[in-house]
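Below is input_36.txt, holding compact mmCIF, C-alpha atoms.
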# COMPACT_ATOMS: atom_id res chain seq x y z
CA MET A 1418 42.10 20.66 101.69
CA THR A 1419 44.24 23.73 101.01
CA ARG A 1420 44.90 25.42 97.68
CA HIS A 1421 48.47 24.05 97.84
CA SER A 1422 47.17 20.49 97.91
CA TYR A 1423 45.02 21.26 94.83
CA ILE A 1424 48.23 22.09 93.01
CA ASP A 1425 49.88 18.79 93.89
CA ASP A 1426 47.07 16.26 94.18
CA GLY A 1427 45.99 15.89 90.55
CA THR A 1428 43.00 18.23 90.86
CA ILE A 1429 44.34 20.55 88.16
CA GLU A 1430 44.85 17.59 85.80
CA ALA A 1431 41.29 16.40 86.48
CA TYR A 1432 40.06 19.90 85.62
CA VAL A 1433 42.02 20.37 82.39
CA LEU A 1434 41.12 16.88 81.18
CA GLY A 1435 37.43 17.52 81.82
CA LEU A 1436 37.10 14.78 84.44
CA MET A 1437 35.34 16.85 87.12
CA THR A 1438 31.63 16.87 87.89
CA PRO A 1439 29.88 20.24 87.27
CA VAL A 1440 29.86 20.92 91.03
CA GLU A 1441 33.58 20.17 91.42
CA LYS A 1442 34.31 22.25 88.33
CA ASN A 1443 32.42 25.30 89.62
CA GLY A 1444 34.12 25.02 93.02
CA PHE A 1445 37.55 24.79 91.42
CA GLU A 1446 36.88 27.78 89.12
CA GLN A 1447 35.93 29.87 92.17
CA LEU A 1448 39.24 28.97 93.80
CA VAL A 1449 41.17 29.84 90.64
CA LEU A 1450 39.62 33.31 90.69
CA GLN A 1451 40.76 33.79 94.28
CA TYR A 1452 44.29 32.38 94.24
CA PRO A 1453 46.96 33.58 91.79
CA GLU A 1454 49.27 30.62 92.59
CA LEU A 1455 46.50 28.27 91.48
CA GLN A 1456 46.14 30.29 88.26
CA LEU A 1457 49.87 29.96 87.70
CA ALA A 1458 49.82 26.19 88.29
CA LEU A 1459 46.81 25.86 85.98
CA ALA A 1460 48.59 27.84 83.25
CA HIS A 1461 51.69 25.66 83.67
CA THR A 1462 49.71 22.40 83.30
CA GLN A 1463 47.80 23.76 80.31
CA HIS A 1464 51.04 24.77 78.64
CA LYS A 1465 52.39 21.22 79.08
CA LEU A 1466 49.22 19.66 77.65
CA GLU A 1467 49.16 22.11 74.73
CA ALA A 1468 52.77 21.20 73.95
CA LEU A 1469 51.83 17.51 74.12
CA ALA A 1470 48.89 18.06 71.76
CA ALA A 1471 51.11 20.00 69.34
CA ASN A 1472 53.65 17.19 69.47
CA GLU A 1473 50.98 14.59 68.69
CA ALA A 1474 49.23 16.72 66.05
CA VAL A 1475 47.99 14.92 62.95
CA PRO A 1476 47.03 17.01 59.88
CA PRO A 1477 43.34 16.38 59.14
CA PRO A 1478 42.24 15.13 55.69
CA THR A 1479 42.18 17.86 53.04
CA GLY A 1480 38.41 17.82 52.54
CA ALA A 1481 37.63 18.34 56.23
CA GLN A 1482 37.77 22.15 56.11
CA GLU A 1483 35.33 22.23 53.18
CA HIS A 1484 32.99 19.90 55.09
CA LEU A 1485 33.26 22.20 58.09
CA TYR A 1486 32.17 25.26 56.07
CA GLU A 1487 29.24 23.29 54.64
CA PHE A 1488 28.32 22.26 58.20
CA ILE A 1489 28.51 25.87 59.43
CA LYS A 1490 26.39 27.13 56.53
CA GLY A 1491 23.76 24.56 57.48
CA LEU A 1492 23.45 25.97 60.99
CA PRO A 1493 20.28 28.05 61.46
CA ALA A 1494 22.03 30.90 63.25
CA LEU A 1495 25.46 31.62 64.62
CA ARG A 1496 25.66 33.51 67.84
CA VAL A 1497 28.26 35.88 69.22
CA ASP A 1498 27.99 37.52 72.60
CA ASN A 1499 31.01 39.74 72.58
CA ARG A 1500 29.53 42.66 70.67
CA GLU A 1501 29.55 45.64 73.01
CA VAL A 1502 26.36 47.25 71.65
CA PRO A 1503 23.93 44.83 70.04
CA PRO A 1504 22.36 47.05 67.36
CA PHE A 1505 19.03 45.28 66.83
CA THR A 1506 18.29 43.96 70.31
CA ASP A 1507 16.79 45.53 73.38
CA THR A 1508 19.00 46.49 76.30
CA LYS A 1509 18.06 43.45 78.38
CA GLN A 1510 19.07 41.04 75.65
CA THR A 1511 22.75 40.18 75.55
CA LYS A 1512 22.67 37.74 72.66
CA GLN A 1513 22.18 38.62 69.00
CA TYR A 1514 21.94 36.70 65.78
CA ILE A 1515 24.27 37.66 63.03
CA THR A 1516 24.36 36.71 59.38
CA ALA A 1517 27.26 34.44 58.50
CA GLU A 1518 29.47 35.83 55.77
CA VAL A 1519 29.41 33.69 52.66
CA SER A 1520 32.58 33.51 50.60
CA SER A 1521 31.65 30.43 48.57
CA THR A 1522 30.47 30.70 44.95
CA TYR A 1523 27.86 27.98 45.55
CA ILE A 1524 24.31 28.59 46.73
CA ARG A 1525 22.08 26.22 48.69
CA VAL A 1526 18.41 26.01 47.72
CA HIS A 1527 15.49 23.96 48.97
CA LYS A 1528 15.22 20.48 47.47
CA TYR A 1529 11.74 21.29 46.04
CA TRP A 1530 13.52 23.47 43.49
CA ARG A 1531 14.91 20.27 41.98
CA LEU A 1532 11.35 19.09 41.15
CA ALA A 1533 10.42 22.53 39.84
CA PHE A 1534 13.51 22.57 37.65
CA LEU A 1535 12.70 19.08 36.34
CA VAL A 1536 9.11 20.09 35.47
CA VAL A 1537 10.30 23.26 33.69
CA PHE A 1538 12.91 21.22 31.82
CA ILE A 1539 10.39 18.58 30.65
CA LEU A 1540 7.82 21.24 29.63
CA SER A 1541 10.48 23.12 27.69
CA LYS A 1542 11.34 19.91 25.81
CA ILE A 1543 7.64 19.29 24.99
CA PHE A 1544 7.17 22.86 23.72
CA LEU A 1545 10.35 22.58 21.71
CA GLY A 1546 8.98 19.39 20.13
CA PHE A 1547 5.72 21.17 19.25
CA LEU A 1548 7.64 24.11 17.83
CA ILE A 1549 9.74 21.90 15.58
CA TYR A 1550 6.63 19.96 14.49
CA TYR A 1551 4.71 23.13 13.55
CA ILE A 1552 7.71 24.66 11.76
CA ILE A 1553 7.97 21.50 9.63
CA ARG A 1554 4.21 21.55 9.00
CA PHE A 1555 4.39 25.24 8.10
CA HIS A 1556 7.17 24.62 5.58
CA GLU A 1557 5.30 21.63 4.11
CA ALA A 1558 2.14 23.71 3.78
CA LYS A 1559 4.10 26.54 2.20
CA ALA A 1560 5.67 24.13 -0.30
CA GLU A 1561 2.26 22.65 -1.06
CA MET A 1562 0.80 26.09 -1.67
CA LYS A 1563 3.67 26.98 -3.96
CA GLU A 1564 3.11 23.76 -5.88
CA LEU A 1565 -0.58 24.54 -6.24
CA GLN A 1566 0.18 28.05 -7.42
CA ASN A 1567 2.61 26.68 -10.00
CA HIS A 1568 0.03 24.17 -11.11
CA ARG A 1569 -2.57 26.91 -11.54
CA GLN A 1570 -0.10 29.06 -13.43
CA GLU A 1571 0.68 26.13 -15.69
CA GLN A 1572 -3.01 25.61 -16.28
CA ALA A 1573 -3.45 29.31 -17.06
CA THR A 1574 -0.65 29.39 -19.64
CA THR A 1575 -1.68 26.12 -21.41
CA PRO A 1576 -3.96 26.93 -24.52
CA VAL A 1577 -7.50 25.66 -24.05
CA ASP A 1578 -8.91 23.36 -26.72
CA ASN A 1579 -12.25 24.97 -27.49
CA THR A 1580 -13.31 22.49 -30.10
CA LEU A 1581 -16.21 20.49 -29.04
CA PRO A 1582 -16.26 16.85 -29.67
CA LYS A 1583 -18.34 15.91 -32.59
CA MET B 589 54.35 23.99 67.19
CA GLU B 590 51.09 25.64 66.20
CA THR B 591 50.59 29.28 67.20
CA LEU B 592 48.53 29.53 70.37
CA ILE B 593 45.63 31.93 70.11
CA THR B 594 44.89 34.38 72.89
CA LYS B 595 41.38 35.32 73.93
CA GLU B 596 41.98 38.89 72.72
CA THR B 597 42.94 37.68 69.23
CA LEU B 598 39.88 35.45 69.05
CA LYS B 599 37.61 38.29 70.26
CA SER B 600 38.87 40.61 67.56
CA LYS B 601 38.36 37.91 64.91
CA LEU B 602 34.90 37.17 66.23
CA ASN B 603 34.02 40.86 65.86
CA ALA B 604 34.69 40.44 62.15
CA GLY B 605 32.41 37.39 62.01
CA VAL B 606 32.17 33.76 63.04
CA GLU B 607 33.76 32.42 59.85
CA PRO B 608 37.07 34.33 60.22
CA ALA B 609 37.20 33.21 63.88
CA ILE B 610 36.63 29.57 62.95
CA GLU B 611 39.17 29.82 60.14
CA LEU B 612 41.77 31.10 62.61
CA LEU B 613 41.00 28.29 65.05
CA TYR B 614 40.97 25.67 62.31
CA THR B 615 44.30 26.84 60.86
CA ASN B 616 46.01 26.67 64.23
CA TYR B 617 44.25 23.90 66.11
CA SER B 618 42.74 21.42 63.64
CA ALA B 619 45.82 19.17 63.59
CA MET B 620 46.11 19.21 67.39
CA LEU B 621 42.42 18.43 67.81
CA TYR B 622 42.44 15.79 65.09
CA GLY B 623 45.32 14.01 66.85
CA TYR B 624 43.35 14.30 70.11
CA ILE B 625 40.17 12.91 68.49
CA LEU B 626 42.03 9.93 67.01
CA GLN B 627 42.63 8.75 70.56
CA PHE B 628 38.89 8.30 71.01
CA VAL B 629 37.89 7.47 67.44
CA PRO B 630 40.81 5.71 65.68
CA GLU B 631 39.06 5.27 62.32
CA GLN B 632 40.06 8.27 60.18
CA LYS B 633 36.75 8.78 58.33
CA GLU B 634 34.83 8.80 61.61
CA ALA B 635 37.46 11.04 63.22
CA GLU B 636 37.10 13.52 60.36
CA LYS B 637 33.33 13.64 60.91
CA VAL B 638 33.92 14.26 64.61
CA LEU B 639 36.42 17.04 63.85
CA VAL B 640 33.85 18.80 61.66
CA LEU B 641 31.21 18.28 64.36
CA VAL B 642 33.51 19.71 67.05
CA PHE B 643 34.47 22.86 65.12
CA GLY B 644 30.93 23.33 63.81
CA THR B 645 29.36 22.99 67.26
CA LEU B 646 31.92 25.15 69.01
CA ALA B 647 31.40 27.87 66.36
CA THR B 648 28.05 28.61 68.02
CA ARG B 649 29.52 28.69 71.54
CA LEU B 650 32.80 30.57 71.23
CA HIS B 651 31.67 33.18 73.77
CA ASP B 652 31.82 30.46 76.47
CA ALA B 653 35.60 30.27 75.99
CA PHE B 654 35.99 33.86 77.20
CA ASN B 655 34.39 33.04 80.56
CA SER B 656 36.54 29.98 81.17
CA PRO B 657 39.84 30.02 83.10
CA LEU B 658 41.16 27.64 80.42
CA SER B 659 43.14 28.77 77.38
CA ILE B 660 41.31 28.73 74.05
CA TYR B 661 42.89 25.44 72.98
CA MET B 662 42.32 23.66 76.30
CA TRP B 663 38.72 24.90 76.39
CA MET B 664 38.22 23.47 72.89
CA GLN B 665 39.83 20.18 73.93
CA VAL B 666 37.63 19.81 77.01
CA GLU B 667 34.49 20.66 75.02
CA ALA B 668 35.62 18.36 72.21
CA ARG B 669 35.86 15.41 74.63
CA LYS B 670 32.22 15.92 75.68
CA LEU B 671 31.11 15.97 72.03
CA ILE B 672 33.25 12.95 71.14
CA LEU B 673 31.82 10.88 74.01
CA GLU B 674 28.29 11.92 73.05
CA TYR B 675 28.99 10.98 69.41
CA LYS B 676 30.39 7.61 70.49
CA LYS B 677 27.33 6.98 72.64
CA GLN B 678 24.96 7.73 69.75
CA ARG B 679 26.92 5.60 67.30
CA SER B 680 27.93 2.94 69.79
CA ASN B 681 27.60 0.01 67.36
CA ILE B 682 29.91 1.42 64.70
CA VAL B 683 32.45 3.07 66.97
CA ALA B 684 32.67 0.09 69.36
CA GLN B 685 33.65 -2.21 66.49
CA GLN B 686 36.35 0.19 65.37
CA ASN B 687 37.58 0.72 68.91
CA SER B 688 38.12 -2.91 69.70
CA GLY B 689 41.77 -3.63 70.30
CA TYR B 690 44.82 -1.49 70.99
CA ASN B 691 44.68 2.12 69.83
CA LYS B 692 48.15 3.35 68.89
CA ASN B 693 46.84 6.93 68.70
CA ALA B 694 46.00 7.10 72.41
CA TYR B 695 49.01 9.20 73.37
CA TYR B 696 47.60 10.10 76.78
CA LEU B 697 48.14 6.47 77.75
CA THR B 698 51.87 6.85 77.07
CA LEU B 699 51.90 9.25 80.03
CA LEU B 700 50.84 6.25 82.11
CA ARG B 701 53.68 3.97 81.01
CA ASP B 702 54.83 3.48 84.61
CA ALA B 703 51.31 3.04 86.00
CA SER B 704 49.79 -0.26 87.07
CA SER B 705 47.37 -2.01 84.72
CA GLU B 706 44.51 -1.13 87.08
CA GLN B 707 45.39 2.55 87.11
CA ARG B 708 45.73 2.58 83.32
CA MET B 709 42.46 0.73 82.84
CA VAL B 710 40.51 3.05 85.17
CA PHE B 711 41.91 6.16 83.47
CA SER B 712 41.29 4.74 80.01
CA GLU B 713 37.70 3.72 80.76
CA ILE B 714 36.83 7.06 82.34
CA PHE B 715 38.79 9.42 80.08
CA LEU B 716 38.59 7.70 76.70
CA HIS B 717 35.30 5.83 77.00
CA GLY B 718 33.35 8.18 79.29
CA ARG B 719 32.44 5.47 81.81
CA SER B 720 31.26 6.69 85.20
CA LYS B 721 32.99 5.72 88.45
CA ASP B 722 29.81 3.92 89.56
CA GLU B 723 29.69 1.82 86.37
CA LEU B 724 33.33 0.88 86.76
CA ALA B 725 32.91 0.03 90.43
CA VAL B 726 30.11 -2.39 89.55
CA GLN B 727 32.09 -3.91 86.68
CA LEU B 728 35.24 -4.39 88.78
CA GLN B 729 33.24 -5.47 91.83
CA THR B 730 34.75 -2.79 94.00
CA ASN B 731 33.55 0.53 95.43
CA VAL B 732 33.55 4.07 94.03
CA HIS B 733 36.16 5.15 96.56
CA ASP B 734 38.66 2.66 95.10
CA ILE B 735 37.93 3.85 91.57
CA SER B 736 38.43 7.48 92.67
CA ARG B 737 41.72 6.51 94.30
CA LEU B 738 42.97 4.71 91.17
CA LEU B 739 41.93 7.63 88.95
CA ASN B 740 43.66 10.11 91.24
CA GLU B 741 46.84 8.00 91.25
CA SER B 742 46.81 7.91 87.47
CA LEU B 743 46.38 11.70 87.33
CA LEU B 744 49.41 12.10 89.63
CA ILE B 745 51.47 9.86 87.33
CA ILE B 746 50.37 12.01 84.36
CA ARG B 747 51.34 15.11 86.32
CA LYS B 748 54.78 13.64 87.08
CA ASN B 749 55.36 12.60 83.45
CA LEU B 750 54.27 15.97 82.12
CA GLN B 751 56.98 17.79 84.11

As structure tokens - that is how I would like this structure written.
Amino acid sequence: MTRHSYIDDGTIEAYVLGLMTPVEKNGFEQLVLQYPELQLALAHTQHKLEALAANEAVPPPTGAQEHLYEFIKGLPALRVDNREVPPFTDTKQTKQYITAEVSSTYIRVHKYWRLAFLVVFILSKIFLGFLIYYIIRFHEAKAEMKELQNHRQEQATTPVDNTLPK
Amino acid sequence: METLITKETLKSKLNAGVEPAIELLYTNYSAMLYGYILQFVPEQKEAEKVLVLVFGTLATRLHDAFNSPLSIYMWMQVEARKLILEYKKQRSNIVAQQNSGYNKNAYYLTLLRDASSEQRMVFSEIFLHGRSKDELAVQLQTNVHDISRLLNESLLIIRKNLQ
């Protein structure tokens, strides 16, 4: 089979639609590297399929992009290989891990924090209850003391009847 | 038509971080890919999940696009098909129920309007449902060579109708 027959026999379509086996795919990619006319035919077919996809485009639901960013933030690490000098890797290593930039105002925390927050919340309510109880008791005690003091003062100012009963 | 992204543009975005690169791809290609996904998964909620899965998964593998002879969009579309078929396989019960019957979103099948029912069926089963040639040969009680021939004929009809 010649490279010209690849152009006309549906091989390019099988490649761009992802219908080739890995072996066929590798063989075809080698040929594309060698033959500019095959590259041109491939570019032509891709252009037609891209135009078709653009023609049949359907705007995705509005929430999809937000879901995508949540999905990406959930990924353990995002890789890029195209950095020319990986700063924190040795010379043999071509891949590096980078920190994803976060533009959202939300933070994600482990679900155990929910339990911790609940415990802190309940304890704070219990302590608040105790605080209110003791403040009330304190005021009651204070009022009682004032009453006693008044009573004693009253007793002190009242003239004592020194006459003994006969 | 959406702006097509060159590999150089994507590389420069990727140098700034994965999120700006994904944002660029999403802005330009999400509608095209969503329309493509609806061919395989017609139910919109499921298709949305698949769209997120596709962009999210490809975010970790963007460097592969630079080594491919395909354009950025076509590389994404080819990779998306693999992910969609895998998703359908994992959720076969749900997706099979939704897929029963005619799918008006399957625009690739409109390229086969002048094909025979056999050619259309073989293309549809292999391309949209990820069936292997061997499986189809057993189901249709024929041989793999016949399935390959029918698939090749359908690809030639697509080629002709794309011109």

Any idea what's packed within 7 Å of segment 666-674 of chain B, counting all atoms listed in the file, ignoring anything in its chain fewer than 6 positions away? Could you give it as a PyMOL selection string? (chain A and resi 1433-1435) or (chain B and resi 638+642+717-718)

Dump as a PDB file with C-alpha atoms, keeping the file's coordinate frame the residues of chain B that approach chain A to within 7 Å, counting only C-alpha atoms.
ATOM      1  CA  MET B 589      54.350  23.990  67.190  1.00  0.00           C
ATOM      2  CA  GLU B 590      51.090  25.640  66.200  1.00  0.00           C
ATOM      3  CA  ASN B 603      34.020  40.860  65.860  1.00  0.00           C
ATOM      4  CA  GLY B 605      32.410  37.390  62.010  1.00  0.00           C
ATOM      5  CA  VAL B 606      32.170  33.760  63.040  1.00  0.00           C
ATOM      6  CA  GLU B 607      33.760  32.420  59.850  1.00  0.00           C
ATOM      7  CA  SER B 618      42.740  21.420  63.640  1.00  0.00           C
ATOM      8  CA  ALA B 619      45.820  19.170  63.590  1.00  0.00           C
ATOM      9  CA  MET B 620      46.110  19.210  67.390  1.00  0.00           C
ATOM     10  CA  TYR B 622      42.440  15.790  65.090  1.00  0.00           C
ATOM     11  CA  GLY B 623      45.320  14.010  66.850  1.00  0.00           C
ATOM     12  CA  TYR B 624      43.350  14.300  70.110  1.00  0.00           C
ATOM     13  CA  GLU B 636      37.100  13.520  60.360  1.00  0.00           C
ATOM     14  CA  VAL B 640      33.850  18.800  61.660  1.00  0.00           C
ATOM     15  CA  GLY B 644      30.930  23.330  63.810  1.00  0.00           C
ATOM     16  CA  THR B 648      28.050  28.610  68.020  1.00  0.00           C
ATOM     17  CA  HIS B 651      31.670  33.180  73.770  1.00  0.00           C
ATOM     18  CA  MET B 662      42.320  23.660  76.300  1.00  0.00           C
ATOM     19  CA  VAL B 666      37.630  19.810  77.010  1.00  0.00           C
ATOM     20  CA  ASN B 740      43.660  10.110  91.240  1.00  0.00           C
ATOM     21  CA  LEU B 743      46.380  11.700  87.330  1.00  0.00           C
ATOM     22  CA  LEU B 744      49.410  12.100  89.630  1.00  0.00           C
ATOM     23  CA  ARG B 747      51.340  15.110  86.320  1.00  0.00           C
ATOM     24  CA  LEU B 750      54.270  15.970  82.120  1.00  0.00           C
TER      25      LEU B 750
END

Could you please determine the separation between atom CA of Ser742 of chain B and atom CA of Arg708 of chain B in Å, to one decimal place?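 Atom CA of Arg708 of chain B lies at a distance of 6.8 Å from atom CA of Ser742 of chain B.
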
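The spacing separating atom CA of Ser680 of chain B from atom CA of Glu713 of chain B amounts to 14.7 Å.
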
Given 6 Å of margin on each side, can you work out the centre and size in Å (one decimal) of an axis-aligned box holding every listed atom of segment 1424-1439 of chain A, as AutoDock Vina command-line options?
--center_x 39.9 --center_y 18.4 --center_z 87.7 --size_x 32.0 --size_y 19.3 --size_z 25.0

Rounded to one decimal, what separation in Å do you get between atom CA of Met664 of chain B and atom CA of Leu646 of chain B?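 For atom CA of Met664 of chain B relative to atom CA of Leu646 of chain B, the distance reads 7.6 Å.
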
Minimum-distance residue to Ser720 of chain B, chosen among B:Ser705, B:Ser736, B:Gln678, B:Phe628 (using all atoms listed in the file):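 Of the candidates, the smallest distance to Ser720 of chain B is held by B:Ser736.
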